[in-house]
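Structure file my_file.txt; described as compact mmCIF, C-alpha atoms (C1' of nucleotides).
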# COMPACT_ATOMS: atom_id res chain seq x y z
CA MET A 1 0.00 0.00 0.00
CA ASP A 2 2.91 2.35 -0.54
CA ASN A 3 1.21 3.88 -3.44
CA LEU A 4 0.67 6.67 -0.90
CA LYS A 5 4.33 7.55 -1.26
CA GLN A 6 3.92 7.56 -4.99
CA ARG A 7 0.81 9.73 -4.85
CA VAL A 8 2.61 12.21 -2.61
CA GLU A 9 5.41 12.37 -5.15
CA ASP A 10 3.06 12.75 -8.10
CA ILE A 11 0.96 15.51 -6.60
CA GLY A 12 4.16 17.07 -5.30
CA VAL A 13 5.42 17.31 -8.85
CA VAL A 14 2.18 18.98 -9.94
CA TYR A 15 2.37 21.43 -7.06
CA GLU A 16 5.90 22.46 -8.03
CA GLN A 17 4.24 24.36 -10.90
CA PHE A 18 3.27 26.99 -8.38
CA GLY A 19 6.89 27.82 -7.73
CA LYS A 20 7.52 25.78 -4.61
CA THR A 21 10.64 23.74 -3.99
CA PRO A 22 10.49 19.96 -4.26
CA ILE A 23 10.37 19.37 -0.52
CA ALA A 24 7.90 22.17 0.16
CA SER A 25 5.68 20.71 -2.56
CA ARG A 26 5.88 17.27 -1.01
CA VAL A 27 5.03 18.64 2.41
CA PHE A 28 1.91 20.20 0.90
CA SER A 29 1.07 17.04 -0.98
CA PHE A 30 1.58 14.83 2.09
CA LEU A 31 -0.68 16.99 4.23
CA LEU A 32 -3.30 16.89 1.51
CA LEU A 33 -3.30 13.10 1.34
CA ALA A 34 -2.37 12.06 4.85
CA GLU A 35 -4.80 10.60 7.35
CA PRO A 36 -5.21 11.95 9.86
CA SER A 37 -4.71 15.28 8.17
CA TYR A 38 -2.31 16.62 10.79
CA LYS A 39 1.21 15.37 11.17
CA THR A 40 4.19 16.12 13.37
CA PHE A 41 7.49 17.45 12.17
CA ASP A 42 9.07 14.08 12.57
CA GLU A 43 6.30 12.16 10.85
CA ILE A 44 6.70 14.46 7.87
CA ARG A 45 10.48 14.23 7.93
CA GLU A 46 10.38 10.48 8.12
CA PHE A 47 7.70 9.99 5.50
CA LEU A 48 9.49 12.23 3.03
CA ASN A 49 12.90 10.84 3.87
CA ALA A 50 14.32 14.32 4.08
CA SER A 51 16.61 16.18 6.43
CA LYS A 52 15.37 18.14 9.40
CA SER A 53 16.64 21.40 7.98
CA ALA A 54 14.88 20.89 4.66
CA VAL A 55 11.62 20.06 6.40
CA SER A 56 12.03 22.92 8.87
CA ASN A 57 12.54 25.43 6.09
CA ALA A 58 9.69 24.06 4.00
CA ILE A 59 7.30 24.14 6.95
CA ASN A 60 8.28 27.66 7.92
CA GLY A 61 7.79 28.83 4.36
CA HIS A 62 4.30 27.36 4.31
CA LEU A 63 3.52 28.83 7.73
CA GLN A 64 4.69 32.21 6.47
CA ASP A 65 2.38 32.32 3.50
CA GLY A 66 -0.47 30.70 5.37
CA THR A 67 -0.61 27.46 3.43
CA ILE A 68 -0.31 25.41 6.61
CA ASN A 69 -0.85 25.96 10.28
CA TYR A 70 -0.44 23.81 13.38
CA LYS A 71 -2.30 22.84 16.49
CA THR A 72 -1.09 21.41 19.74
CA PHE A 73 -2.56 19.06 22.32
CA SER A 74 -2.05 19.59 26.02
CA GLY A 75 0.48 17.26 27.49
CA ASP A 76 2.20 16.86 24.12
CA ARG A 77 4.74 19.38 23.08
CA LYS A 78 4.82 18.40 19.43
CA ARG A 79 3.17 20.62 16.88
CA TYR A 80 0.68 19.02 14.55
CA PHE A 81 0.85 20.60 11.13
CA TYR A 82 -2.10 20.67 8.77
CA LEU A 83 -3.18 22.35 5.57
CA ASP A 84 -4.89 25.57 6.54
CA LEU A 85 -7.75 25.18 4.08
CA GLU A 86 -9.74 27.92 5.78
CA ASN A 87 -7.03 30.35 4.79
CA TRP A 88 -7.32 29.49 1.11
CA LYS A 89 -9.45 32.48 0.19
CA LYS A 90 -7.06 34.85 1.95
CA ARG A 91 -4.21 33.50 -0.14
CA VAL A 92 -6.26 34.00 -3.28
CA GLU A 93 -6.97 37.52 -2.07
CA GLU A 94 -3.27 38.15 -1.68
CA TYR A 95 -2.55 37.00 -5.19
CA ALA A 96 -5.37 39.18 -6.46
CA LYS A 97 -3.82 42.12 -4.65
CA LYS A 98 -0.58 41.55 -6.49
CA LEU A 99 -2.44 41.75 -9.79
CA TYR A 100 -4.27 44.81 -8.59
CA ASP A 101 -1.03 46.54 -7.60
CA PHE A 102 0.57 45.76 -10.91
CA ASN A 103 -2.47 47.13 -12.63
CA ASN A 104 -1.90 50.40 -10.84
CA VAL A 105 1.64 50.40 -12.12
CA MET A 106 0.32 50.00 -15.65
CA GLU A 107 -2.25 52.74 -15.08
CA ASP A 108 0.58 55.02 -14.06
CA VAL A 109 2.55 54.04 -17.15
CA LEU A 110 -0.41 54.86 -19.36
CA LYS A 111 -0.76 58.26 -17.73
CA HIS A 112 2.83 59.10 -18.56
CA ARG A 113 2.90 57.87 -22.14
CA SER A 114 2.83 60.40 -24.95
CA ASN A 115 0.07 60.56 -27.54
CA ASN A 116 2.29 59.24 -30.32
CA ASP A 117 1.15 55.65 -30.08
CA ILE A 118 -2.60 55.85 -29.64
CA GLU A 119 -3.06 52.27 -30.81
CA PHE A 120 -0.84 50.91 -28.07
CA ASN A 121 -2.25 53.23 -25.46
CA ASN A 122 -5.78 52.12 -26.26
CA LYS A 123 -4.86 48.47 -25.96
CA LEU A 124 -3.08 49.15 -22.71
CA LYS A 125 -6.19 50.87 -21.44
CA ASP A 126 -8.25 47.84 -22.44
CA VAL A 127 -5.94 45.55 -20.53
CA ILE A 128 -6.11 47.77 -17.48
CA ASP A 129 -9.90 47.91 -17.66
CA PHE A 130 -10.12 44.17 -18.09
CA GLN A 131 -7.84 43.54 -15.13
CA ASN A 132 -9.84 45.90 -12.98
CA PHE A 133 -13.03 44.16 -14.02
CA LEU A 134 -11.49 40.78 -13.29
CA ASN A 135 -10.11 41.83 -9.93
CA GLN A 136 -13.54 43.12 -9.04
CA LYS A 137 -15.10 39.79 -9.98
CA ILE A 138 -12.55 37.96 -7.91
CA ASP A 139 -13.22 40.14 -4.88
CA GLU A 140 -16.91 39.62 -5.43
CA ALA A 141 -16.51 35.86 -5.55
CA ILE A 142 -14.48 35.91 -2.36
CA ARG A 143 -17.11 38.00 -0.61
CA LYS A 144 -19.87 35.69 -1.75
CA TRP A 145 -17.98 32.65 -0.51
CA GLU A 146 -17.42 34.34 2.80
CA GLU A 147 -21.06 35.01 3.52
CA ASN A 148 -21.93 31.32 3.58
CA MET B 1 16.08 62.23 -19.44
CA ASP B 2 17.52 58.86 -18.45
CA ASN B 3 14.93 58.42 -15.86
CA LEU B 4 13.51 56.07 -18.50
CA LYS B 5 16.28 53.64 -17.68
CA GLN B 6 15.40 53.95 -14.04
CA ARG B 7 11.71 53.43 -14.67
CA VAL B 8 12.46 50.33 -16.71
CA GLU B 9 14.51 49.01 -13.81
CA ASP B 10 11.87 49.86 -11.23
CA ILE B 11 8.97 48.29 -13.08
CA GLY B 12 11.25 45.40 -13.97
CA VAL B 13 11.77 44.75 -10.29
CA VAL B 14 8.02 44.77 -9.70
CA TYR B 15 7.46 42.38 -12.58
CA GLU B 16 9.97 39.90 -11.15
CA GLN B 17 7.28 39.08 -8.60
CA PHE B 18 5.57 37.06 -11.29
CA GLY B 19 8.47 34.66 -11.44
CA LYS B 20 10.36 36.07 -14.39
CA THR B 21 14.12 36.45 -14.53
CA PRO B 22 15.66 39.91 -14.17
CA ILE B 23 16.32 40.34 -17.87
CA ALA B 24 12.97 38.93 -18.97
CA SER B 25 11.31 41.36 -16.56
CA ARG B 26 13.25 44.27 -17.99
CA VAL B 27 12.34 43.31 -21.53
CA PHE B 28 8.69 43.39 -20.51
CA SER B 29 9.14 46.66 -18.68
CA PHE B 30 11.01 48.27 -21.57
CA LEU B 31 8.33 47.29 -24.07
CA LEU B 32 5.69 48.67 -21.74
CA LEU B 33 7.40 52.04 -21.46
CA ALA B 34 9.15 52.42 -24.79
CA GLU B 35 8.03 54.72 -27.57
CA PRO B 36 7.40 53.61 -30.14
CA SER B 37 6.10 50.48 -28.50
CA TYR B 38 7.96 48.11 -30.79
CA LYS B 39 11.69 47.60 -30.63
CA THR B 40 14.26 45.48 -32.39
CA PHE B 41 16.39 42.83 -30.78
CA ASP B 42 19.37 45.11 -30.85
CA GLU B 43 17.58 48.15 -29.50
CA ILE B 44 16.46 46.04 -26.56
CA ARG B 45 19.89 44.53 -26.07
CA GLU B 46 21.55 47.90 -26.19
CA PHE B 47 19.06 49.66 -23.96
CA LEU B 48 19.27 46.95 -21.33
CA ASN B 49 23.03 46.60 -21.64
CA ALA B 50 22.72 42.86 -21.73
CA SER B 51 24.21 40.06 -23.76
CA LYS B 52 22.64 38.73 -26.93
CA SER B 53 22.09 35.32 -25.39
CA ALA B 54 20.29 36.71 -22.37
CA VAL B 55 18.06 38.86 -24.55
CA SER B 56 17.46 36.05 -27.01
CA ASN B 57 16.37 33.69 -24.24
CA ALA B 58 14.20 36.28 -22.57
CA ILE B 59 12.47 37.18 -25.81
CA ASN B 60 11.87 33.57 -26.73
CA GLY B 61 10.42 32.90 -23.32
CA HIS B 62 8.02 35.79 -23.73
CA LEU B 63 7.14 34.70 -27.26
CA GLN B 64 6.46 31.22 -25.95
CA ASP B 65 3.96 32.28 -23.35
CA GLY B 66 2.47 34.93 -25.57
CA THR B 67 3.53 37.97 -23.58
CA ILE B 68 5.16 39.53 -26.61
CA ASN B 69 4.95 39.15 -30.34
CA TYR B 70 6.69 40.76 -33.29
CA LYS B 71 5.94 42.30 -36.60
CA THR B 72 8.10 42.90 -39.61
CA PHE B 73 8.23 45.53 -42.32
CA SER B 74 8.97 44.69 -45.90
CA GLY B 75 12.48 45.56 -46.91
CA ASP B 76 13.67 45.27 -43.33
CA ARG B 77 14.58 41.92 -42.00
CA LYS B 78 14.59 42.91 -38.38
CA ARG B 79 11.78 41.78 -36.14
CA TYR B 80 10.02 44.46 -34.15
CA PHE B 81 8.97 43.11 -30.79
CA TYR B 82 6.05 44.49 -28.87
CA LEU B 83 3.88 43.61 -25.89
CA ASP B 84 1.05 41.49 -27.19
CA LEU B 85 -1.63 43.21 -25.13
CA GLU B 86 -4.38 41.62 -27.17
CA ASN B 87 -3.23 38.27 -25.90
CA TRP B 88 -3.58 39.29 -22.26
CA LYS B 89 -6.90 37.57 -21.70
CA LYS B 90 -5.62 34.33 -23.20
CA ARG B 91 -2.75 34.34 -20.76
CA VAL B 92 -5.17 34.90 -17.89
CA GLU B 93 -7.20 32.00 -19.27
CA GLU B 94 -4.13 29.80 -19.23
CA TYR B 95 -3.37 30.65 -15.64
CA ALA B 96 -6.99 29.95 -14.76
CA LYS B 97 -6.64 26.58 -16.45
CA LYS B 98 -3.70 25.71 -14.20
CA LEU B 99 -5.84 26.44 -11.17
CA TYR B 100 -8.67 24.47 -12.67
CA ASP B 101 -6.43 21.48 -13.31
CA PHE B 102 -5.07 21.53 -9.81
CA ASN B 103 -8.60 21.73 -8.55
CA ASN B 104 -9.32 18.49 -10.36
CA VAL B 105 -6.36 16.94 -8.62
CA MET B 106 -7.82 17.99 -5.28
CA GLU B 107 -11.23 16.68 -6.29
CA ASP B 108 -9.63 13.35 -7.01
CA VAL B 109 -7.87 13.41 -3.65
CA LEU B 110 -11.16 14.07 -1.90
CA LYS B 111 -12.78 11.16 -3.69
CA HIS B 112 -10.09 8.81 -2.41
CA ARG B 113 -9.99 9.98 1.18
CA SER B 114 -11.56 7.84 3.87
CA ASN B 115 -14.41 9.03 6.06
CA ASN B 116 -12.26 9.26 9.15
CA ASP B 117 -11.60 12.98 8.90
CA ILE B 118 -14.94 14.49 7.96
CA GLU B 119 -13.88 17.91 9.18
CA PHE B 120 -10.92 18.04 6.82
CA ASN B 121 -12.88 16.53 3.96
CA ASN B 122 -15.58 19.15 4.31
CA LYS B 123 -13.09 21.98 4.28
CA LEU B 124 -11.40 20.47 1.28
CA LYS B 125 -14.74 20.31 -0.46
CA ASP B 126 -15.32 23.97 0.37
CA VAL B 127 -11.99 24.91 -1.15
CA ILE B 128 -12.75 22.93 -4.27
CA ASP B 129 -16.18 24.50 -4.59
CA PHE B 130 -14.77 27.95 -4.06
CA GLN B 131 -12.11 27.42 -6.67
CA ASN B 132 -14.66 26.13 -9.14
CA PHE B 133 -16.84 29.13 -8.45
CA LEU B 134 -13.90 31.47 -8.87
CA ASN B 135 -12.72 29.83 -12.07
CA GLN B 136 -16.23 30.12 -13.42
CA LYS B 137 -16.29 33.83 -12.58
CA ILE B 138 -12.96 34.31 -14.28
CA ASP B 139 -14.15 32.55 -17.42
CA GLU B 140 -17.29 34.65 -17.31
CA ALA B 141 -15.32 37.87 -17.03
CA ILE B 142 -13.16 36.84 -19.96
CA ARG B 143 -16.20 36.06 -22.08
CA LYS B 144 -17.78 39.38 -21.21
CA TRP B 145 -14.62 41.25 -22.12
CA GLU B 146 -14.44 39.38 -25.40
CA GLU B 147 -17.90 40.37 -26.56
CA ASN B 148 -17.02 44.06 -26.65
C1' DA C 1 19.99 20.33 37.98
C1' DT C 2 20.24 17.35 34.22
C1' DT C 3 18.35 15.21 30.42
C1' DT C 4 15.25 14.86 26.66
C1' DC C 5 12.69 16.51 23.11
C1' DA C 6 11.21 19.31 19.14
C1' DG C 7 12.69 21.73 16.37
C1' DT C 8 16.25 25.71 14.54
C1' DT C 9 20.41 27.38 12.84
C1' DC C 10 24.90 26.85 10.90
C1' DT C 11 28.13 25.13 7.96
C1' DT C 12 29.00 22.73 3.71
C1' DA C 13 28.13 20.40 -0.65
C1' DA C 14 25.61 19.75 -4.83
C1' DT C 15 22.55 21.44 -8.22
C1' DT C 16 20.47 24.79 -10.83
C1' DT C 17 19.93 29.29 -12.84
C1' DG C 18 21.18 33.41 -15.15
C1' DC C 19 24.11 35.50 -17.91
C1' DA C 20 28.29 36.79 -20.70
C1' DG C 21 31.10 36.11 -24.68
C1' DA C 22 32.21 33.79 -28.55
C1' DA C 23 31.24 30.63 -32.16
C1' DC C 24 27.81 29.51 -35.19
C1' DT C 25 23.77 29.66 -38.79
C1' DA C 26 20.52 30.86 -42.18
C1' DA C 27 18.70 34.20 -44.99
C1' DA C 28 19.34 38.40 -47.43
C1' DA C 29 22.30 41.85 -49.56
C1' DA C 30 26.01 43.16 -52.20
C1' DT D 1 29.87 34.07 -54.38
C1' DT D 2 31.08 36.58 -50.35
C1' DT D 3 29.61 39.34 -46.92
C1' DT D 4 26.49 41.24 -43.83
C1' DT D 5 22.74 40.97 -40.80
C1' DA D 6 19.84 39.16 -37.20
C1' DG D 7 19.67 36.55 -34.35
C1' DT D 8 20.69 31.43 -32.00
C1' DT D 9 23.37 28.09 -29.75
C1' DC D 10 27.32 26.59 -27.10
C1' DT D 11 30.74 26.96 -23.42
C1' DG D 12 31.80 28.24 -19.16
C1' DC D 13 31.52 30.68 -14.97
C1' DA D 14 29.47 33.17 -10.92
C1' DA D 15 25.74 33.46 -7.96
C1' DA D 16 21.73 31.68 -5.94
C1' DT D 17 19.00 27.74 -4.40
C1' DT D 18 18.21 23.45 -2.29
C1' DA D 19 19.13 20.23 0.86
C1' DA D 20 22.18 17.29 4.08
C1' DG D 21 24.34 16.72 8.51
C1' DA D 22 25.78 18.26 12.64
C1' DA D 23 25.85 21.55 16.25
C1' DC D 24 22.92 24.24 18.82
C1' DT D 25 18.77 26.18 21.70
C1' DG D 26 15.09 26.64 24.80
C1' DA D 27 11.33 24.68 26.99
C1' DA D 28 9.63 20.71 29.39
C1' DA D 29 10.19 16.43 31.76
C1' DT D 30 12.63 13.81 35.07
What would you get if you wrote out this structure as structure tokens?
Amino acid sequence: MDNLKQRVEDIGVVYEQFGKTPIASRVFSFLLLAEPSYKTFDEIREFLNASKSAVSNAINGHLQDGTINYKTFSGDRKRYFYLDLENWKKRVEEYAKKLYDFNNVMEDVLKHRSNNDIEFNNKLKDVIDFQNFLNQKIDEAIRKWEEN
Amino acid sequence: MDNLKQRVEDIGVVYEQFGKTPIASRVFSFLLLAEPSYKTFDEIREFLNASKSAVSNAINGHLQDGTINYKTFSGDRKRYFYLDLENWKKRVEEYAKKLYDFNNVMEDVLKHRSNNDIEFNNKLKDVIDFQNFLNQKIDEAIRKWEEN
DNA sequence: ATTTCAGTTCTTAATTTGCAGAACTAAAAA
DNA sequence: TTTTTAGTTCTGCAAATTAAGAACTGAAAT
């Protein structure tokens, strides 16, 4: 039944697309597949066959951007790490903010461009408008999901 | 008036957030700010003070993912590269597809999980539903923008 | 007070990435 | 036909990333 290890690897590979390191991706993947869904540092380290430092750094990265979190149980000093699925929308929000900020940069660029290249300026304006529209829709979707 | 160089650098730095290399980011930034909005390989290379190989790779990367394109003029064998702003929505679509695909991976994970961790499974289902909803909204926004 | 435990931090090594510079290529010009 | 042009590809190196292993730390248990 060690197709679990293989599944963790496979989904880990897919998750690497989002710019995470191999071990960070496997930590994510393991916590997505594992049962129970919370695991200690050492369980993760052992399952992934990785070094403590690699796992420590991967976990702290995920904690930083809110992908995972941990809980504790009284009388047990270990931390139990789990995918912070409730934080998902906030992470989407943060990505949306990045797009929004860059859109402001483009808006500023447009404002400073001369009138010699109307064609380009118009297309740039279209892109900016589209992105604003899209960002609005994304915010809207997040709000709607929240009020459930 | 070489605050243009500085602006290209500054916006280049911002654009690096989206995972592009320094030179690729500066190529984008230059083509966003430059007038006219299309530039030859050598104009880019010279403006950025970079090597031909670096510029060649950056340009080909951008061509690959549709960020830039080029046009030619008869009697001039140079290619004139420009930001392919009309392709913006397609690139957004492609990113949305990545999210959609990963959502299917998570859907598959959910299907295979046991019933021992209902809490986690429910949250996972929420995330999946939210992502589907969001992807739908994104597609919708793209369609709406298209029919203008 | 000492030991154990759960991680963290500090080297260090191995890849990987990003880029320069030079050699190369294919098409067009002369 | 040779030469020029507009890039591309190759070689190699420097810097950054990733991860291992071992030393370290601070809180908790004994």
Exercise. Please identify every residue of chain A that has at least one atom no more than 9 Å from any atom of chain D, counting only C-alpha atoms (C1' of nucleotides), and report them as a count of residues only.
Key: 9
Quiz item: Which neighbours of Asp117 in chain A fall inside 12 Å, counting all atoms listed in the file, when residues of the same chain fewer than 6 positions from it are skipped, and could you give them as number ranges by chain?
Solution: A: 110, 123-124; B: 32-38
Quiz prompt | Expected answer as a VMD selection string: chain C residues within 10 Å of chain A, only C-alpha atoms (C1' of nucleotides) | solution = chain C and resid 5 to 9
Residues from last step as file, C-alpha atoms (C1' of nucleotides), as a PDB file, in the coordinates of the input:
ATOM      1  C1'  DC C   5      12.690  16.510  23.110  1.00  0.00           C
ATOM      2  C1'  DA C   6      11.210  19.310  19.140  1.00  0.00           C
ATOM      3  C1'  DG C   7      12.690  21.730  16.370  1.00  0.00           C
ATOM      4  C1'  DT C   8      16.250  25.710  14.540  1.00  0.00           C
ATOM      5  C1'  DT C   9      20.410  27.380  12.840  1.00  0.00           C
TER       6       DT C   9
END
Exercise. Just need the residues of chain A within 8 Å of chain B, counting only C-alpha atoms, so spit them out as number ranges by chain.
Key: A: 11, 14-15, 19, 32-33, 35-37, 85-86, 88, 102, 105, 109, 113, 116-117, 120, 123-124, 127, 130, 133-134, 137-138, 141-142, 145
Dump as a tab-separated table (two decimals), keeping the file's coordinate frame, selection limited to C-alpha atoms:
chain	number	residue	atom	x	y	z
A	11	ILE	CA	0.96	15.51	-6.60
A	14	VAL	CA	2.18	18.98	-9.94
A	15	TYR	CA	2.37	21.43	-7.06
A	19	GLY	CA	6.89	27.82	-7.73
A	32	LEU	CA	-3.30	16.89	1.51
A	33	LEU	CA	-3.30	13.10	1.34
A	35	GLU	CA	-4.80	10.60	7.35
A	36	PRO	CA	-5.21	11.95	9.86
A	37	SER	CA	-4.71	15.28	8.17
A	85	LEU	CA	-7.75	25.18	4.08
A	86	GLU	CA	-9.74	27.92	5.78
A	88	TRP	CA	-7.32	29.49	1.11
A	102	PHE	CA	0.57	45.76	-10.91
A	105	VAL	CA	1.64	50.40	-12.12
A	109	VAL	CA	2.55	54.04	-17.15
A	113	ARG	CA	2.90	57.87	-22.14
A	116	ASN	CA	2.29	59.24	-30.32
A	117	ASP	CA	1.15	55.65	-30.08
A	120	PHE	CA	-0.84	50.91	-28.07
A	123	LYS	CA	-4.86	48.47	-25.96
A	124	LEU	CA	-3.08	49.15	-22.71
A	127	VAL	CA	-5.94	45.55	-20.53
A	130	PHE	CA	-10.12	44.17	-18.09
A	133	PHE	CA	-13.03	44.16	-14.02
A	134	LEU	CA	-11.49	40.78	-13.29
A	137	LYS	CA	-15.10	39.79	-9.98
A	138	ILE	CA	-12.55	37.96	-7.91
A	141	ALA	CA	-16.51	35.86	-5.55
A	142	ILE	CA	-14.48	35.91	-2.36
A	145	TRP	CA	-17.98	32.65	-0.51
Emit a file covering chain C of the preceding structure with C-alpha atoms (C1' of nucleotides), as a CSV table (one decimal), in the first residue's frame.
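What landed in out_34.csv:
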chain,number,residue,atom,x,y,z
C,1,DA,C1',20.0,20.3,38.0
C,2,DT,C1',20.2,17.3,34.2
C,3,DT,C1',18.4,15.2,30.4
C,4,DT,C1',15.3,14.9,26.7
C,5,DC,C1',12.7,16.5,23.1
C,6,DA,C1',11.2,19.3,19.1
C,7,DG,C1',12.7,21.7,16.4
C,8,DT,C1',16.2,25.7,14.5
C,9,DT,C1',20.4,27.4,12.8
C,10,DC,C1',24.9,26.9,10.9
C,11,DT,C1',28.1,25.1,8.0
C,12,DT,C1',29.0,22.7,3.7
C,13,DA,C1',28.1,20.4,-0.6
C,14,DA,C1',25.6,19.8,-4.8
C,15,DT,C1',22.5,21.4,-8.2
C,16,DT,C1',20.5,24.8,-10.8
C,17,DT,C1',19.9,29.3,-12.8
C,18,DG,C1',21.2,33.4,-15.1
C,19,DC,C1',24.1,35.5,-17.9
C,20,DA,C1',28.3,36.8,-20.7
C,21,DG,C1',31.1,36.1,-24.7
C,22,DA,C1',32.2,33.8,-28.6
C,23,DA,C1',31.2,30.6,-32.2
C,24,DC,C1',27.8,29.5,-35.2
C,25,DT,C1',23.8,29.7,-38.8
C,26,DA,C1',20.5,30.9,-42.2
C,27,DA,C1',18.7,34.2,-45.0
C,28,DA,C1',19.3,38.4,-47.4
C,29,DA,C1',22.3,41.9,-49.6
C,30,DA,C1',26.0,43.2,-52.2
